[in-house]
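Have a look at the structure below before the remarks.
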Amino acid sequence: MTIPLLDLEAQLAQYREAALQAITRVVDSQHFIMGPEVKAFEAELAAYLELPAAVGVSSGTDALLACLMALEVGPGDEIVTSPFSFFATAGVAARLHARPVFADIDPATFNLTEAGVRAAIGKRTKAVIPVHLFGQMCDLGSFYDEPDRPVIVEDAAQAIGARLRGKGTGHFGEYTCTSFFPAKNLGAFGDAGGVACQDPARADRVGIIRLHGSKPKYLHHVVGGNFRLDAIQAAVLRVKLPLLDGWAAGRRANAARYDALLAEAGLVERGLVIPPAVQPDSLHVYNQYVVRAQRRDELMGHLGARGIGHAVYYPRPLHLQPCFADLGYGPGDFPHAERACAEVLALPVYPELPIDGQRTVVEALRTFYGI
Ligand SMILES: Cc1ncc(COP(=O)(O)O)c(C=O)c1O
C-alpha cells in the first residue's frame, strides 16, 4: 500500500465537473485578466474570512510582497519574523532591501512567541510577520491589541480557515496573506494568492500595487508590479472555496486519529514521536501534521522504503540560509528553530486518507522504533 503525503486526485472527483465548467466559462468569455471572476472571488474570499475586503494576487509570496510594498518597506527597515518558515516569509523583506530580524519559536507550536517578538522589536521595525505555521494560528497574546505596535502582516499561507479565540486570520493583524499553491488547503490549478484586510483602504492600496501601482490605468502614483490573480484561477477557487471547511474538518479528524494511534502504539509515552501541540482556544486546519521524531533522518529511509510519503518542513532555518549570511546570524542563535529543523517530520493528513492508511503509517513508525 503506497500512501502519498498528499493525494490531490482523491478529492478531484468532488469538484472536477464544476471546475471544468468554470474554466470553460472563462475561456468562452476570453476574459483572462481581472474581470468578473476575480471580483467575485475577492468578494467570496472576504466573506469567508469575515473581513470587508480581499484582493486576489498571483501567489502567497506576492501577497506578502505587495503588503510590504504597500507599507513602503525599504532600505533601513526591519521586519521581525520567524526563522522557521518557508523562505518567502523573509525573502520578501530582503527583496525590498529591508532586514529580516528573526525571533525564536515556541517549541510546542513552532510559531513565534509574544516575548520573542517583543524582544526583537526595535526603532527600525516596520512590520512584524507572524507565520501561522502548518495551519495553526500564531498567538502573540496582548501584543496583537497594542495600539502603538508595528503593523502586522499575517503569513496565513498555510492557515486559511484557522481560528484563534474564535477569530480567523486577518482579525489580529492589518493584513492577512494566503497562498493558493495547489498543496495548500485551498489550492488553485497553479500559483495564486490572496490578501485581506480589516481596513478597506489598505486592501485598496494592495490592489493598486498589484496593477503596477496604477489607478486609474496608466497613472502611477506608486511603483507596483504585476501581481494579478488569473481569472481562470479565480474561477477554480470559487468552486473549491465552499468545500474548504469540510476538508479542514477531515484533516482535523485525521490528526485526532493520529494522536490516538501514536499514543496507543506507545510511541508518545516513550518520547519517540511527539504529536503536534494544539494551543488552547485554537482551531487548527492541519495543512501539515508535523511530528517530532527521534532519529528522524533514518526514519525517513524506513518510511520511504515502505512507500509512505513524508517531508521535512523545513530542513534549514532561515537565519542559517546562505543568502542571509550577511545578516550575521550563526548556529545557536535560535535553538528552538534549529532543533525543530532537525526533528520535524510531516506525515500524510489529507482529508481523504483512509483509516487503514493511517494505521499503516503508525505501524511503520512502531516497527522502526522496534516497540
Ligand atoms: C508559510 C508560507 N509563506 C509563504 C508561502 C508562499 O506562498 P506561494 O508558494 O503561494 O508563493 C508559503 C507557501 O509555500 C508558505 O508556506
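Each chain in the C-alpha cells gets a letter, A, B and so on, in the order shown; residues start at 1 in every chain, and ligands are counted from 1 in the order they appear.
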Sorted per-residue table, chain A near ligand 1, closest atoms and distance, 7 Å, only C-alpha atoms and all ligand atoms, as JSON lines:
{"residue": "A:Ser59", "atom": "CA", "partner": "ligand 1", "partner_atom_place_in_ligand_line": "10 (O)", "distance": 4.0}
{"residue": "A:Gly60", "atom": "CA", "partner": "ligand 1", "partner_atom_place_in_ligand_line": "7 (O)", "distance": 3.4}
{"residue": "A:Thr61", "atom": "CA", "partner": "ligand 1", "partner_atom_place_in_ligand_line": "11 (O)", "distance": 3.6}
{"residue": "A:Asp62", "atom": "CA", "partner": "ligand 1", "partner_atom_place_in_ligand_line": "11 (O)", "distance": 6.4}
{"residue": "A:Ser85", "atom": "CA", "partner": "ligand 1", "partner_atom_place_in_ligand_line": "1 (C)", "distance": 5.4}
{"residue": "A:Phe86", "atom": "CA", "partner": "ligand 1", "partner_atom_place_in_ligand_line": "2 (C)", "distance": 4.8}
{"residue": "A:Ala88", "atom": "CA", "partner": "ligand 1", "partner_atom_place_in_ligand_line": "4 (C)", "distance": 5.0}
{"residue": "A:Thr89", "atom": "CA", "partner": "ligand 1", "partner_atom_place_in_ligand_line": "3 (N)", "distance": 5.1}
{"residue": "A:Val131", "atom": "CA", "partner": "ligand 1", "partner_atom_place_in_ligand_line": "1 (C)", "distance": 6.0}
{"residue": "A:Leu133", "atom": "CA", "partner": "ligand 1", "partner_atom_place_in_ligand_line": "1 (C)", "distance": 6.1}
{"residue": "A:Asp155", "atom": "CA", "partner": "ligand 1", "partner_atom_place_in_ligand_line": "3 (N)", "distance": 5.8}
{"residue": "A:Ala156", "atom": "CA", "partner": "ligand 1", "partner_atom_place_in_ligand_line": "1 (C)", "distance": 6.7}
{"residue": "A:Ala157", "atom": "CA", "partner": "ligand 1", "partner_atom_place_in_ligand_line": "2 (C)", "distance": 4.8}
{"residue": "A:Gln158", "atom": "CA", "partner": "ligand 1", "partner_atom_place_in_ligand_line": "16 (O)", "distance": 5.4}
{"residue": "A:Ser179", "atom": "CA", "partner": "ligand 1", "partner_atom_place_in_ligand_line": "10 (O)", "distance": 4.1}
{"residue": "A:Phe180", "atom": "CA", "partner": "ligand 1", "partner_atom_place_in_ligand_line": "10 (O)", "distance": 5.7}
{"residue": "A:Phe181", "atom": "CA", "partner": "ligand 1", "partner_atom_place_in_ligand_line": "10 (O)", "distance": 4.7}
{"residue": "A:Asp191", "atom": "CA", "partner": "ligand 1", "partner_atom_place_in_ligand_line": "10 (O)", "distance": 5.9}
{"residue": "A:Ala192", "atom": "CA", "partner": "ligand 1", "partner_atom_place_in_ligand_line": "10 (O)", "distance": 5.9}
{"residue": "A:Gly193", "atom": "CA", "partner": "ligand 1", "partner_atom_place_in_ligand_line": "10 (O)", "distance": 5.7}
For Asn111 in chain A, list every protein, DNA or RNA residue within 8 Å, evaluated using only C-alpha atoms, and leave out those in the same chain fewer than 3 positions away; present the list as a PDB file with N, CA and C atoms, in the first residue's frame.
ATOM      1  N   SER A  82       9.714  34.902  11.717  1.00  0.00           N
ATOM      2  CA  SER A  82      10.159  33.598  12.223  1.00  0.00           C
ATOM      3  C   SER A  82      11.277  33.005  11.372  1.00  0.00           C
ATOM      4  N   PHE A  84      11.672  29.895  11.277  1.00  0.00           N
ATOM      5  CA  PHE A  84      11.184  28.544  10.960  1.00  0.00           C
ATOM      6  C   PHE A  84       9.935  28.684  10.113  1.00  0.00           C
ATOM      7  N   ILE A 105      11.219  30.459  18.001  1.00  0.00           N
ATOM      8  CA  ILE A 105       9.849  29.929  18.024  1.00  0.00           C
ATOM      9  C   ILE A 105       9.545  29.253  19.363  1.00  0.00           C
ATOM     10  N   ASP A 106       8.269  29.020  19.573  1.00  0.00           N
ATOM     11  CA  ASP A 106       7.800  28.208  20.692  1.00  0.00           C
ATOM     12  C   ASP A 106       8.005  26.740  20.283  1.00  0.00           C
ATOM     13  N   PRO A 107       8.733  25.966  21.065  1.00  0.00           N
ATOM     14  CA  PRO A 107       8.993  24.591  20.624  1.00  0.00           C
ATOM     15  C   PRO A 107       7.732  23.736  20.537  1.00  0.00           C
ATOM     16  N   PRO A 130       3.997  37.464  11.686  1.00  0.00           N
ATOM     17  CA  PRO A 130       3.808  36.176  12.357  1.00  0.00           C
ATOM     18  C   PRO A 130       3.350  35.149  11.330  1.00  0.00           C
ATOM     19  N   VAL A 131       3.878  33.950  11.431  1.00  0.00           N
ATOM     20  CA  VAL A 131       3.516  32.882  10.494  1.00  0.00           C
ATOM     21  C   VAL A 131       2.589  31.913  11.224  1.00  0.00           C
ATOM     22  N   HIS A 132       1.468  31.608  10.613  1.00  0.00           N
ATOM     23  CA  HIS A 132       0.533  30.632  11.204  1.00  0.00           C
ATOM     24  C   HIS A 132       0.933  29.263  10.652  1.00  0.00           C
ATOM     25  N   LEU A 133       1.990  28.720  11.220  1.00  0.00           N
ATOM     26  CA  LEU A 133       2.648  27.576  10.579  1.00  0.00           C
ATOM     27  C   LEU A 133       1.844  26.289  10.681  1.00  0.00           C
ATOM     28  N   MET A 137      -2.790  29.060  14.149  1.00  0.00           N
ATOM     29  CA  MET A 137      -2.513  30.490  14.248  1.00  0.00           C
ATOM     30  C   MET A 137      -1.477  30.785  15.319  1.00  0.00           C
ATOM     31  N   CYS A 138      -0.651  31.760  15.011  1.00  0.00           N
ATOM     32  CA  CYS A 138       0.403  32.200  15.928  1.00  0.00           C
ATOM     33  C   CYS A 138      -0.243  33.095  16.982  1.00  0.00           C
ATOM     34  N   ASP A 139      -0.068  32.738  18.247  1.00  0.00           N
ATOM     35  CA  ASP A 139      -0.691  33.511  19.328  1.00  0.00           C
ATOM     36  C   ASP A 139       0.328  34.491  19.916  1.00  0.00           C
TER      37      ASP A 139
END
Contact check, range 122-231 of chain A to range 331-355 of chain A, at most 10 Å, counting only C-alpha atoms, closest pairs as a Markdown table:
| residue | atom | partner | partner_atom | distance |
| --- | --- | --- | --- | --- |
| A:Phe134 | CA | A:Ala346 | CA | 9.4 |
| A:Ala183 | CA | A:Tyr350 | CA | 9.8 |
| A:Asn185 | CA | A:Tyr350 | CA | 8.9 |
Could you give me the residues within range 211-245 of chain A that DSSP places in alpha helix (DSSP H), as a list in words?
->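 Answer for range 211-245 of chain A restricted to alpha helix (DSSP H) is Ala231, Ile232, Gln233, Ala234, Ala235, Val236, Leu237, Arg238, Val239, Lys240, Leu244 and Asp245 of chain A.
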Determine, counting only C-alpha atoms, which protein, DNA and RNA residues have an atom within 8 Å of an atom of Ala19 in chain A; residues of the same chain fewer than 6 positions away are not included. Present the result as JSON, numbers by chain.
-> {"A": [235, 236, 239]}
Using only C-alpha atoms, pick whichever of A:Phe227, A:Tyr48, A:Tyr289, A:Tyr314 has the shortest atom-to-atom distance to Gly168 in chain A.
->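 Of A:Phe227, A:Tyr48, A:Tyr289, A:Tyr314, the one nearest Gly168 in chain A is A:Tyr48, counting only C-alpha atoms.
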Can you list, as a ChimeraX atom specification, all residues belonging to range 151-322 of chain A that DSSP tags as strand (DSSP E or B)?
-> /A:151-155,163-164,167-168,175-179,193-197,211,214,220,226,228,230,273-274,282-283,289-293,308,311
N, CA, C and O atoms of the current selection, written as a CSV table (one decimal), in the first residue's frame:
chain,number,residue,atom,x,y,z
A,151,VAL,N,3.0,47.5,12.4
A,151,VAL,CA,2.0,46.9,11.6
A,151,VAL,C,2.2,45.4,11.5
A,151,VAL,O,3.4,44.9,11.5
A,152,ILE,N,1.2,44.6,11.5
A,152,ILE,CA,1.3,43.1,11.5
A,152,ILE,C,0.8,42.6,10.1
A,152,ILE,O,-0.4,42.9,9.7
A,153,VAL,N,1.6,41.9,9.4
A,153,VAL,CA,1.2,41.2,8.2
A,153,VAL,C,1.2,39.7,8.6
A,153,VAL,O,2.2,39.1,8.8
A,154,GLU,N,0.0,39.1,8.6
A,154,GLU,CA,-0.1,37.7,9.0
A,154,GLU,C,0.3,36.8,7.8
A,154,GLU,O,-0.4,37.0,6.7
A,155,ASP,N,1.2,35.9,8.0
A,155,ASP,CA,1.5,35.0,6.9
A,155,ASP,C,0.6,33.8,7.2
A,155,ASP,O,0.9,32.9,8.0
A,163,ARG,N,-8.6,29.4,13.3
A,163,ARG,CA,-9.1,30.4,14.2
A,163,ARG,C,-8.3,30.4,15.5
A,163,ARG,O,-7.8,29.4,15.9
A,164,LEU,N,-8.3,31.5,16.1
A,164,LEU,CA,-7.7,31.7,17.5
A,164,LEU,C,-8.7,32.5,18.3
A,164,LEU,O,-9.1,33.6,17.9
A,167,LYS,N,-11.5,33.9,16.4
A,167,LYS,CA,-11.3,34.9,15.3
A,167,LYS,C,-10.4,34.2,14.2
A,167,LYS,O,-9.5,33.6,14.6
A,168,GLY,N,-10.7,34.5,13.0
A,168,GLY,CA,-9.9,34.0,11.9
A,168,GLY,C,-8.7,34.8,11.6
A,168,GLY,O,-8.4,35.8,12.2
A,175,TYR,N,-3.0,43.0,7.8
A,175,TYR,CA,-3.1,42.2,6.6
A,175,TYR,C,-3.0,40.7,6.9
A,175,TYR,O,-2.3,40.3,7.8
A,176,THR,N,-3.8,39.9,6.1
A,176,THR,CA,-3.5,38.5,6.1
A,176,THR,C,-3.3,38.0,4.7
A,176,THR,O,-3.9,38.5,3.7
A,177,CYS,N,-2.2,37.2,4.6
A,177,CYS,CA,-1.8,36.7,3.2
A,177,CYS,C,-2.0,35.2,3.1
A,177,CYS,O,-1.6,34.5,4.0
A,178,THR,N,-2.6,34.8,2.1
A,178,THR,CA,-2.9,33.4,1.9
A,178,THR,C,-2.3,32.9,0.6
A,178,THR,O,-2.2,33.7,-0.4
A,179,SER,N,-1.9,31.7,0.6
A,179,SER,CA,-1.4,31.1,-0.6
A,179,SER,C,-2.4,30.1,-1.1
A,179,SER,O,-2.9,29.3,-0.3
A,193,GLY,N,-2.7,33.6,-5.0
A,193,GLY,CA,-2.7,34.0,-3.6
A,193,GLY,C,-3.7,35.1,-3.3
A,193,GLY,O,-4.4,35.5,-4.2
A,194,GLY,N,-3.8,35.5,-2.0
A,194,GLY,CA,-4.8,36.5,-1.7
A,194,GLY,C,-4.3,37.3,-0.5
A,194,GLY,O,-3.5,36.8,0.3
A,195,VAL,N,-4.8,38.5,-0.4
A,195,VAL,CA,-4.6,39.4,0.8
A,195,VAL,C,-6.0,39.9,1.2
A,195,VAL,O,-6.8,40.2,0.4
A,196,ALA,N,-6.2,40.0,2.5
A,196,ALA,CA,-7.4,40.5,3.0
A,196,ALA,C,-7.1,41.4,4.2
A,196,ALA,O,-6.1,41.2,4.9
A,197,CYS,N,-7.9,42.4,4.4
A,197,CYS,CA,-7.7,43.5,5.4
A,197,CYS,C,-8.9,43.9,6.2
A,197,CYS,O,-10.0,43.8,5.6
A,211,LEU,N,-1.4,46.1,-9.6
A,211,LEU,CA,-1.6,46.5,-11.0
A,211,LEU,C,-0.5,47.6,-11.4
A,211,LEU,O,-0.9,48.7,-11.8
A,214,SER,N,-1.0,51.4,-10.6
A,214,SER,CA,-1.8,52.3,-11.4
A,214,SER,C,-3.2,52.4,-11.0
A,214,SER,O,-3.9,51.4,-10.8
A,220,HIS,N,0.5,56.3,-12.4
A,220,HIS,CA,1.2,55.6,-11.4
A,220,HIS,C,1.7,56.5,-10.3
A,220,HIS,O,2.7,57.2,-10.5
A,226,ASN,N,3.3,43.4,-11.4
A,226,ASN,CA,2.2,42.5,-11.9
A,226,ASN,C,2.0,41.4,-11.0
A,226,ASN,O,2.7,40.4,-11.1
A,228,ARG,N,-1.2,40.0,-10.4
A,228,ARG,CA,-2.6,39.7,-10.6
A,228,ARG,C,-2.9,38.3,-10.4
A,228,ARG,O,-2.1,37.4,-10.8
A,230,ASP,N,-4.9,35.3,-11.9
A,230,ASP,CA,-5.5,34.9,-13.2
A,230,ASP,C,-7.0,34.6,-13.0
A,230,ASP,O,-7.4,34.0,-12.0
A,273,VAL,N,8.0,9.7,19.2
A,273,VAL,CA,7.3,10.5,18.3
A,273,VAL,C,6.4,11.5,19.1
A,273,VAL,O,5.6,11.0,20.0
A,274,ILE,N,6.6,12.8,18.9
A,274,ILE,CA,5.8,13.7,19.7
A,274,ILE,C,4.8,14.4,18.7
A,274,ILE,O,5.2,15.0,17.7
A,282,SER,N,-7.8,27.2,20.0
A,282,SER,CA,-7.3,27.3,18.6
A,282,SER,C,-7.9,26.3,17.7
A,282,SER,O,-8.0,25.1,18.1
A,283,LEU,N,-8.3,26.7,16.6
A,283,LEU,CA,-8.9,25.8,15.6
A,283,LEU,C,-7.8,25.6,14.5
A,283,LEU,O,-7.5,26.5,13.7
A,289,TYR,N,0.5,17.8,9.2
A,289,TYR,CA,0.5,17.2,10.5
A,289,TYR,C,2.0,16.9,10.8
A,289,TYR,O,2.6,16.0,10.1
A,290,VAL,N,2.6,17.7,11.6
A,290,VAL,CA,4.1,17.6,11.8
A,290,VAL,C,4.4,17.1,13.2
A,290,VAL,O,4.1,17.7,14.2
A,291,VAL,N,5.1,16.0,13.2
A,291,VAL,CA,5.5,15.4,14.5
A,291,VAL,C,7.0,15.7,14.7
A,291,VAL,O,7.7,16.1,13.7
A,292,ARG,N,7.5,15.5,15.9
A,292,ARG,CA,8.9,15.5,16.1
A,292,ARG,C,9.3,14.0,16.3
A,292,ARG,O,8.5,13.3,17.0
A,293,ALA,N,10.3,13.6,15.6
A,293,ALA,CA,10.7,12.1,15.7
A,293,ALA,C,12.1,11.9,16.0
A,293,ALA,O,13.0,12.6,15.5
A,308,ILE,N,5.7,5.2,2.1
A,308,ILE,CA,4.9,6.2,2.9
A,308,ILE,C,5.4,7.6,2.7
A,308,ILE,O,6.6,7.8,3.0
A,311,ALA,N,7.7,14.4,4.6
A,311,ALA,CA,8.5,15.6,4.1
A,311,ALA,C,9.0,16.3,5.4
A,311,ALA,O,8.4,16.3,6.4
